[in-house]
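Asker: For reference, the file final.pdb (PDB, C-alpha atoms) is included below:
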```pdb
ATOM      1  CA  MET A   3       0.000   0.000   0.000
ATOM      2  CA  LYS A   4       1.283   3.475  -0.812
ATOM      3  CA  PRO A   5       0.272   7.070  -0.098
ATOM      4  CA  ILE A   6      -2.665   8.310  -2.143
ATOM      5  CA  SER A   7      -4.567  11.544  -2.547
ATOM      6  CA  LYS A   8      -7.729  11.803  -0.508
ATOM      7  CA  SER A   9      -9.776  12.429  -3.658
ATOM      8  CA  ALA A  10      -8.358   9.364  -5.450
ATOM      9  CA  LEU A  11      -9.211   7.157  -2.466
ATOM     10  CA  ALA A  12     -12.661   8.722  -2.170
ATOM     11  CA  LEU A  13     -13.357   8.035  -5.850
ATOM     12  CA  GLN A  14     -12.529   4.369  -5.264
ATOM     13  CA  TYR A  15     -15.275   4.239  -2.642
ATOM     14  CA  VAL A  16     -17.748   6.483  -4.475
ATOM     15  CA  PRO A  17     -17.186   6.300  -8.235
ATOM     16  CA  ASN A  18     -19.259   8.200 -10.776
ATOM     17  CA  VAL A  19     -19.461  11.430  -8.774
ATOM     18  CA  THR A  20     -17.252  14.494  -8.733
ATOM     19  CA  PRO A  21     -14.056  14.259  -6.688
ATOM     20  CA  HIS A  22     -15.403  16.912  -4.325
ATOM     21  CA  SER A  23     -18.604  14.957  -3.686
ATOM     22  CA  ALA A  24     -16.656  11.729  -3.212
ATOM     23  CA  VAL A  25     -14.378  13.349  -0.627
ATOM     24  CA  ASN A  26     -17.371  14.808   1.209
ATOM     25  CA  ARG A  27     -18.994  11.376   1.403
ATOM     26  CA  LEU A  28     -15.799   9.648   2.496
ATOM     27  CA  MET A  29     -15.234  12.258   5.186
ATOM     28  CA  ALA A  30     -18.787  11.786   6.447
ATOM     29  CA  TRP A  31     -18.157   8.038   6.764
ATOM     30  CA  ILE A  32     -14.824   8.627   8.513
ATOM     31  CA  ASN A  33     -16.320  11.167  10.921
ATOM     32  CA  GLY A  34     -19.186   8.798  11.636
ATOM     33  CA  CYS A  35     -16.740   6.188  12.933
ATOM     34  CA  LYS A  36     -15.225   7.624  16.123
ATOM     35  CA  ALA A  37     -12.834   4.679  16.531
ATOM     36  CA  LEU A  38     -11.413   5.401  13.063
ATOM     37  CA  VAL A  39     -11.138   9.115  13.840
ATOM     38  CA  ASN A  40      -9.180   8.271  17.007
ATOM     39  CA  GLU A  41      -6.844   5.889  15.185
ATOM     40  CA  LEU A  42      -6.221   8.393  12.392
ATOM     41  CA  ALA A  43      -5.430  11.084  14.979
ATOM     42  CA  LYS A  44      -2.647   8.866  16.338
ATOM     43  CA  THR A  45      -1.004   8.981  12.888
ATOM     44  CA  GLY A  46      -1.005  12.781  12.810
ATOM     45  CA  TYR A  47      -3.970  12.947  10.450
ATOM     46  CA  SER A  48      -5.467  16.355   9.742
ATOM     47  CA  THR A  49      -8.748  16.931   7.927
ATOM     48  CA  ARG A  50      -6.948  19.525   5.801
ATOM     49  CA  GLN A  51      -4.318  17.178   4.389
ATOM     50  CA  LYS A  52      -4.638  16.329   0.703
ATOM     51  CA  TYR A  53      -2.667  13.064   0.773
ATOM     52  CA  LEU A  54      -3.076  10.083   3.060
ATOM     53  CA  SER A  55      -0.137   8.012   4.241
ATOM     54  CA  ALA A  56      -0.053   4.274   3.653
ATOM     55  CA  GLU A  57      -0.812   3.756   7.347
ATOM     56  CA  GLN A  58      -3.856   6.035   7.155
ATOM     57  CA  VAL A  59      -5.159   4.267   4.046
ATOM     58  CA  LYS A  60      -4.728   0.919   5.798
ATOM     59  CA  LEU A  61      -6.767   2.157   8.758
ATOM     60  CA  ILE A  62      -9.536   3.433   6.513
ATOM     61  CA  HIS A  63      -9.671   0.062   4.739
ATOM     62  CA  GLU A  64      -9.786  -1.748   8.081
ATOM     63  CA  TYR A  65     -12.685   0.311   9.417
ATOM     64  CA  LEU A  66     -14.672   1.016   6.238
ATOM     65  CA  GLY A  67     -13.773  -2.060   4.233
ATOM     66  CA  GLU A  68     -12.003  -2.288   0.906
ATOM     67  CA  PRO A  69     -13.381  -0.002  -1.797
TER      68      PRO A  69
END
```
Just give me the structure as structure tokens.
Answerer:
Amino acid sequence: MKPISKSALALQYVPNVTPHSAVNRLMAWINGCKALVNELAKTGYSTRQKYLSAEQVKLIHEYLGEP
């Protein structure tokens, strides 16, 4: 697994929408899972970052499932 832009990951989960809409939906799912939010915080995650580290992507896959 490698770093990826937040919009590219979001489009994997929510294809056929604009990148902006996909990111909004992904962020809603992330924010709805407090355990995931807590784990991401431990990695230094910020809602403003444009790219996600491999560790952050792995956590998102663990909590939300594979896209």
Asker: Applied to this file, what does the PyMOL selection byres ((chain A and resi 60-69) around 8) return in terms of residues, put as an NGL selection string?
Answerer: :A and (3 or 14-15 or 31-32 or 35 or 38 or 41-42 or 56-59)
Asker: Taking the file as shown, what set of residues would the PyMOL selection byres ((chain A and resi 49-54) around 6) give back, as a VMD selection string?
Answerer: chain A and resid 5 to 8 48 55 58
Asker: Excluding Pro17 of chain A and its own-chain neighbours fewer than 6 positions away, which residues fall within 12 Å of it when counting all atoms listed in the file? Please give them as a ChimeraX atom specification.
Answerer: /A:9-11,23-25,27-28,69
Asker: Just need the box for segment 52-67 of chain A, edges along x, y and z, holding every atom the file lists for it with 8 Å tacked onto each side, so centre and edge lengths in Å to one decimal, as AutoDock Vina command-line options.
Answerer:
```
--center_x -7.4 --center_y 7.1 --center_z 5.1 --size_x 30.6 --size_y 34.4 --size_z 24.7
```
Asker: Which value, in Å to one decimal, gives the distance between atom CA of Ala43 of chain A and atom CA of Lys4 of chain A?
Answerer: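 Result for atom CA of Ala43 of chain A versus atom CA of Lys4 of chain A: 18.8 Å, one decimal.
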Asker: What does the distance between atom CA of Thr20 of chain A and atom CA of Asn33 of chain A come to in Å, to one decimal place?
Answerer: 20.0 Å
